[in-house]
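A quick write-up on the structure given underneath.
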Amino acid sequence: MEKNFDIIEQIASDVRKECDRLFVNEQNLTKKLLCLVNQLGGRVVGTSEPEYFEINGGSLRIKGARDFCIKLPMDTSPLRDNFTIAHELGHYLLHYKPEFGERIYARYGQTLQEIQANRFAAAFLMPKEEFIQAKKELNGSISRLAAKFQVSTDAVKERMDYIRD
């Protein structure tokens with residue numbers, strides 16, 4: 001996948017719309033994310049003993065198409081976990097191809113794939129038009145935007161950097 005962030009924004013938007021359609025009765029974002037992961041053939045587990053490559057966040061282990069596991073550290077907040085789950089879904093949807101066989105993705109440095117997965121997560125969790133509107137309505141309050149979108153304040157700040165309205 002190339003660096004084109006507009007394409008990533010559109011993919012994330014399409015996935016979010018489908019997620020909202022499939023799980024229309026679920027208002028809790030974390031539960032909605034878990035349902036989406038399950039629908040795609042994956043699962044999310046917590047780990048209190050992360051492997052060396054999981055120290056800076058979660059990881060994604062893909063055994064094959066529709067067979068993957070997202071691991072989350074046990075010492076992170078649900079808001080941080082929302083971003084991590086969406087980030088790892090970004091890797092699965094943007095970067096994985098079945099012919100790759102088994103793969104592991106973990107947050108390690110600022111590679112192009114990591115930047116793309118971050119962009120996917122931000123766009124999925126905070127859809128662009130909805131984010132712009134909420135930012136106006138909430139007078140740019142980072143904490144209120146974080147509460148509205150059920151993400152960390154760091155995620156909101158990053159999204160603000162991506163979207164210049």
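In the structure tokens, each chain is lettered A, B, ... as it comes, each chain's residues begin at 1, and ligands are numbered from 1 in order of appearance.
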Inset, instruction - Determine, counting only C-alpha atoms, which protein, DNA and RNA residues have an atom within 8 Å of an atom of Arg61 of chain A; residues of the same chain fewer than 4 positions away are not included. Present the result as a PyMOL selection string. - result: chain A and resi 68-70+102-105
Could you pull out the strand (DSSP E or B) residues of chain A from DSSP and send them as a compact mmCIF listing (two decimals) with N, CA and C atoms, in the first residue's frame?
```
# COMPACT_ATOMS: atom_id res chain seq x y z
N GLY A 42 -11.07 -12.79 13.87
CA GLY A 42 -10.00 -12.59 14.86
C GLY A 42 -10.51 -12.61 16.28
N ARG A 43 -9.58 -12.40 17.19
CA ARG A 43 -9.91 -12.29 18.60
C ARG A 43 -8.94 -11.32 19.24
N VAL A 44 -9.34 -10.80 20.39
CA VAL A 44 -8.52 -9.86 21.15
C VAL A 44 -8.27 -10.49 22.51
N VAL A 45 -6.99 -10.50 22.92
CA VAL A 45 -6.63 -11.04 24.23
C VAL A 45 -5.73 -10.05 24.95
N GLY A 46 -5.78 -10.07 26.26
CA GLY A 46 -4.90 -9.25 27.07
C GLY A 46 -3.69 -10.07 27.48
N THR A 47 -2.56 -9.39 27.66
CA THR A 47 -1.36 -10.08 28.10
C THR A 47 -0.68 -9.28 29.20
N SER A 59 0.06 -6.04 19.68
CA SER A 59 0.61 -6.70 18.50
C SER A 59 -0.51 -7.43 17.77
N LEU A 60 -0.22 -7.79 16.55
CA LEU A 60 -1.14 -8.53 15.71
C LEU A 60 -0.40 -9.75 15.19
N ARG A 61 -0.95 -10.93 15.48
CA ARG A 61 -0.38 -12.18 14.96
C ARG A 61 -1.42 -12.77 14.01
N ILE A 62 -1.04 -12.89 12.75
CA ILE A 62 -1.94 -13.44 11.75
C ILE A 62 -1.43 -14.83 11.36
N LYS A 63 -2.30 -15.81 11.51
CA LYS A 63 -1.95 -17.16 11.10
C LYS A 63 -2.37 -17.40 9.66
N GLY A 64 -3.37 -16.71 9.21
CA GLY A 64 -3.88 -16.83 7.85
C GLY A 64 -5.11 -15.96 7.70
N ASP A 67 -7.95 -15.54 10.44
CA ASP A 67 -7.40 -16.22 11.62
C ASP A 67 -6.28 -15.34 12.20
N PHE A 68 -6.66 -14.45 13.12
CA PHE A 68 -5.67 -13.54 13.69
C PHE A 68 -6.00 -13.24 15.14
N CYS A 69 -4.99 -12.74 15.84
CA CYS A 69 -5.13 -12.41 17.26
C CYS A 69 -4.46 -11.06 17.54
N ILE A 70 -5.21 -10.18 18.17
CA ILE A 70 -4.67 -8.90 18.62
C ILE A 70 -4.39 -9.03 20.11
N LYS A 71 -3.14 -8.74 20.50
CA LYS A 71 -2.77 -8.79 21.91
C LYS A 71 -2.65 -7.38 22.45
N LEU A 72 -3.26 -7.17 23.62
CA LEU A 72 -3.22 -5.86 24.29
C LEU A 72 -2.51 -5.99 25.62
N PRO A 73 -1.71 -5.00 25.98
CA PRO A 73 -1.12 -5.00 27.33
C PRO A 73 -2.24 -4.86 28.36
N ARG A 103 2.17 -13.93 9.91
CA ARG A 103 2.85 -12.63 10.07
C ARG A 103 2.61 -12.10 11.47
N ILE A 104 3.56 -11.29 11.94
CA ILE A 104 3.40 -10.56 13.19
C ILE A 104 3.65 -9.09 12.90
N TYR A 105 2.73 -8.25 13.37
CA TYR A 105 2.90 -6.80 13.29
C TYR A 105 2.92 -6.28 14.72
N ALA A 106 3.88 -5.43 15.03
CA ALA A 106 3.98 -4.83 16.35
C ALA A 106 4.47 -3.40 16.18
```
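When the distance limit is 8 Å and only C-alpha atoms are what count, the residues near Ala146 of chain A, minus those fewer than 5 positions from it on the same chain, are Val151, Ser152, Thr153, Ala155 and Val156 of chain A.
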Dump N, CA, C and O atoms for the selected residues as a PDB file, in the first residue's frame?
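Output (result-v2.pdb):
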```
ATOM      1  N   VAL A 151     -11.772   7.826  22.797  1.00  0.00           N
ATOM      2  CA  VAL A 151     -10.344   7.645  22.527  1.00  0.00           C
ATOM      3  C   VAL A 151      -9.548   8.485  23.524  1.00  0.00           C
ATOM      4  O   VAL A 151     -10.104   9.300  24.244  1.00  0.00           O
ATOM      5  N   SER A 152      -8.243   8.296  23.528  1.00  0.00           N
ATOM      6  CA  SER A 152      -7.378   9.080  24.411  1.00  0.00           C
ATOM      7  C   SER A 152      -7.213  10.505  23.880  1.00  0.00           C
ATOM      8  O   SER A 152      -7.447  10.773  22.700  1.00  0.00           O
ATOM      9  N   THR A 153      -6.780  11.389  24.761  1.00  0.00           N
ATOM     10  CA  THR A 153      -6.512  12.762  24.324  1.00  0.00           C
ATOM     11  C   THR A 153      -5.360  12.785  23.323  1.00  0.00           C
ATOM     12  O   THR A 153      -5.347  13.624  22.415  1.00  0.00           O
ATOM     13  N   ALA A 155      -4.806  10.577  21.025  1.00  0.00           N
ATOM     14  CA  ALA A 155      -5.391  10.221  19.726  1.00  0.00           C
ATOM     15  C   ALA A 155      -6.086  11.429  19.103  1.00  0.00           C
ATOM     16  O   ALA A 155      -5.978  11.668  17.900  1.00  0.00           O
ATOM     17  N   VAL A 156      -6.778  12.212  19.931  1.00  0.00           N
ATOM     18  CA  VAL A 156      -7.451  13.419  19.434  1.00  0.00           C
ATOM     19  C   VAL A 156      -6.417  14.412  18.908  1.00  0.00           C
ATOM     20  O   VAL A 156      -6.579  14.978  17.823  1.00  0.00           O
TER      21      VAL A 156
END
```
Query raised in the report: Can you tell me, as a VMD selection string, what residues are no more than 12 Å from Lys31 of chain A when counting only C-alpha atoms, ignoring any on the same chain fewer than 4 positions away?
Result: chain A and resid 19 to 20 23 to 27 35 to 38 44 78 to 79 81 to 82 85 150
Need the shell around Gln116 of chain A: protein/DNA/RNA residues with any atom at most 12 Å away, counting only C-alpha atoms. Skip same-chain ones fewer than 4 positions apart. Format as a PyMOL selection string?
chain A and resi 1-9+11-12+86-95+107+110-112+120-123+162
Could you dump the residues just selected with N, CA and C atoms as an mmCIF file, in the first residue's frame?
```cif
data_model
loop_
_atom_site.group_PDB
_atom_site.id
_atom_site.type_symbol
_atom_site.label_atom_id
_atom_site.label_comp_id
_atom_site.auth_asym_id
_atom_site.auth_seq_id
_atom_site.Cartn_x
_atom_site.Cartn_y
_atom_site.Cartn_z
ATOM 1 N N MET A 1 0.859 -1.177 0.000
ATOM 2 C CA MET A 1 0.000 0.000 0.000
ATOM 3 C C MET A 1 0.895 1.227 0.000
ATOM 4 N N GLU A 2 0.612 2.110 -0.886
ATOM 5 C CA GLU A 2 1.410 3.323 -0.964
ATOM 6 C C GLU A 2 1.107 4.264 0.190
ATOM 7 N N LYS A 3 1.807 5.369 0.204
ATOM 8 C CA LYS A 3 1.685 6.323 1.306
ATOM 9 C C LYS A 3 0.410 7.170 1.231
ATOM 10 N N ASN A 4 -0.383 7.039 0.177
ATOM 11 C CA ASN A 4 -1.523 7.901 -0.043
ATOM 12 C C ASN A 4 -2.532 7.832 1.103
ATOM 13 N N PHE A 5 -2.516 8.840 1.946
ATOM 14 C CA PHE A 5 -3.362 8.839 3.130
ATOM 15 C C PHE A 5 -4.838 9.070 2.804
ATOM 16 N N ASP A 6 -5.138 9.678 1.664
ATOM 17 C CA ASP A 6 -6.537 9.849 1.264
ATOM 18 C C ASP A 6 -7.194 8.490 1.037
ATOM 19 N N ILE A 7 -6.458 7.560 0.452
ATOM 20 C CA ILE A 7 -6.985 6.209 0.228
ATOM 21 C C ILE A 7 -7.216 5.522 1.570
ATOM 22 N N ILE A 8 -6.276 5.665 2.480
ATOM 23 C CA ILE A 8 -6.414 5.061 3.810
ATOM 24 C C ILE A 8 -7.618 5.667 4.529
ATOM 25 N N GLU A 9 -7.783 6.960 4.418
ATOM 26 C CA GLU A 9 -8.939 7.651 5.022
ATOM 27 C C GLU A 9 -10.246 7.067 4.479
ATOM 28 N N ILE A 11 -10.727 4.034 3.028
ATOM 29 C CA ILE A 11 -10.875 2.641 3.468
ATOM 30 C C ILE A 11 -11.384 2.607 4.907
ATOM 31 N N ALA A 12 -10.776 3.395 5.772
ATOM 32 C CA ALA A 12 -11.195 3.434 7.173
ATOM 33 C C ALA A 12 -12.646 3.894 7.292
ATOM 34 N N ALA A 86 -7.913 -0.702 16.703
ATOM 35 C CA ALA A 86 -8.117 -0.122 15.371
ATOM 36 C C ALA A 86 -6.809 -0.075 14.584
ATOM 37 N N HIS A 87 -5.710 0.214 15.250
ATOM 38 C CA HIS A 87 -4.387 0.237 14.621
ATOM 39 C C HIS A 87 -4.042 -1.148 14.055
ATOM 40 N N GLU A 88 -4.241 -2.172 14.869
ATOM 41 C CA GLU A 88 -3.917 -3.532 14.420
ATOM 42 C C GLU A 88 -4.866 -3.979 13.311
ATOM 43 N N LEU A 89 -6.125 -3.563 13.367
ATOM 44 C CA LEU A 89 -7.042 -3.828 12.250
ATOM 45 C C LEU A 89 -6.542 -3.151 10.978
ATOM 46 N N GLY A 90 -5.972 -1.961 11.145
ATOM 47 C CA GLY A 90 -5.382 -1.271 9.990
ATOM 48 C C GLY A 90 -4.303 -2.115 9.343
ATOM 49 N N HIS A 91 -3.425 -2.696 10.139
ATOM 50 C CA HIS A 91 -2.399 -3.590 9.571
ATOM 51 C C HIS A 91 -3.060 -4.751 8.833
ATOM 52 N N TYR A 92 -4.054 -5.365 9.471
ATOM 53 C CA TYR A 92 -4.716 -6.533 8.871
ATOM 54 C C TYR A 92 -5.362 -6.172 7.534
ATOM 55 N N LEU A 93 -6.076 -5.059 7.500
ATOM 56 C CA LEU A 93 -6.818 -4.693 6.298
ATOM 57 C C LEU A 93 -5.965 -4.019 5.224
ATOM 58 N N LEU A 94 -4.949 -3.278 5.633
ATOM 59 C CA LEU A 94 -4.128 -2.550 4.658
ATOM 60 C C LEU A 94 -2.919 -3.336 4.164
ATOM 61 N N HIS A 95 -2.326 -4.129 5.029
ATOM 62 C CA HIS A 95 -1.004 -4.685 4.716
ATOM 63 C C HIS A 95 -0.944 -6.189 4.497
ATOM 64 N N ARG A 107 4.056 -2.535 17.093
ATOM 65 C CA ARG A 107 4.487 -1.137 17.019
ATOM 66 C C ARG A 107 5.979 -1.065 17.300
ATOM 67 N N GLN A 110 8.872 4.258 13.516
ATOM 68 C CA GLN A 110 8.008 5.051 12.651
ATOM 69 C C GLN A 110 8.143 4.594 11.201
ATOM 70 N N THR A 111 7.883 3.338 10.943
ATOM 71 C CA THR A 111 7.922 2.840 9.574
ATOM 72 C C THR A 111 6.689 3.330 8.830
ATOM 73 N N LEU A 112 6.714 3.245 7.529
ATOM 74 C CA LEU A 112 5.565 3.652 6.729
ATOM 75 C C LEU A 112 4.329 2.840 7.114
ATOM 76 N N PHE A 120 -5.068 4.911 9.721
ATOM 77 C CA PHE A 120 -6.284 4.113 9.623
ATOM 78 C C PHE A 120 -7.053 4.169 10.943
ATOM 79 N N ALA A 121 -6.355 3.937 12.046
ATOM 80 C CA ALA A 121 -6.998 3.917 13.357
ATOM 81 C C ALA A 121 -7.674 5.255 13.660
ATOM 82 N N ALA A 122 -6.967 6.348 13.421
ATOM 83 C CA ALA A 122 -7.523 7.673 13.694
ATOM 84 C C ALA A 122 -8.756 7.929 12.833
ATOM 85 N N ALA A 123 -8.691 7.567 11.562
ATOM 86 C CA ALA A 123 -9.821 7.794 10.656
ATOM 87 C C ALA A 123 -11.004 6.887 10.990
ATOM 88 N N TYR A 162 -3.722 15.645 11.682
ATOM 89 C CA TYR A 162 -4.033 15.105 10.356
ATOM 90 C C TYR A 162 -5.032 15.974 9.614
#
```
Item checked: Pick from A:Arg164, A:Arg159, A:Arg144, A:Arg16, whichever lies nearest to Arg119 of chain A using only C-alpha atoms ->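 Checking each candidate against Arg119 of chain A, we get A:Arg159 as the closest.
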Discussion item. Would you compute the distance between atom CA of Asn118 of chain A and atom CA of Ala147 of chain A? Give it in Å to one decimal.
Written reply: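 Between these atoms lies a distance of 19.2 Å.
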Inset, instruction - Calculate how many Å separate atom CA of Phe100 of chain A from atom CA of Glu114 of chain A, rounding to one decimal. - result: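 These atoms are spaced 17.9 Å apart.
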Give me every helix (DSSP H, G or I) residue in segment 60-103 of chain A, going by DSSP on the backbone, as a VMD selection string.
chain A and resid 78 to 95 98 to 100
Expressed in Å, the length from atom CA of Leu125 of chain A to atom CA of Phe149 of chain A is 6.7 Å
Counting only C-alpha atoms, the residue among A:Met74, A:Ile163, A:Val15, A:Leu34 that lies closest to Glu49 of chain A is A:Met74
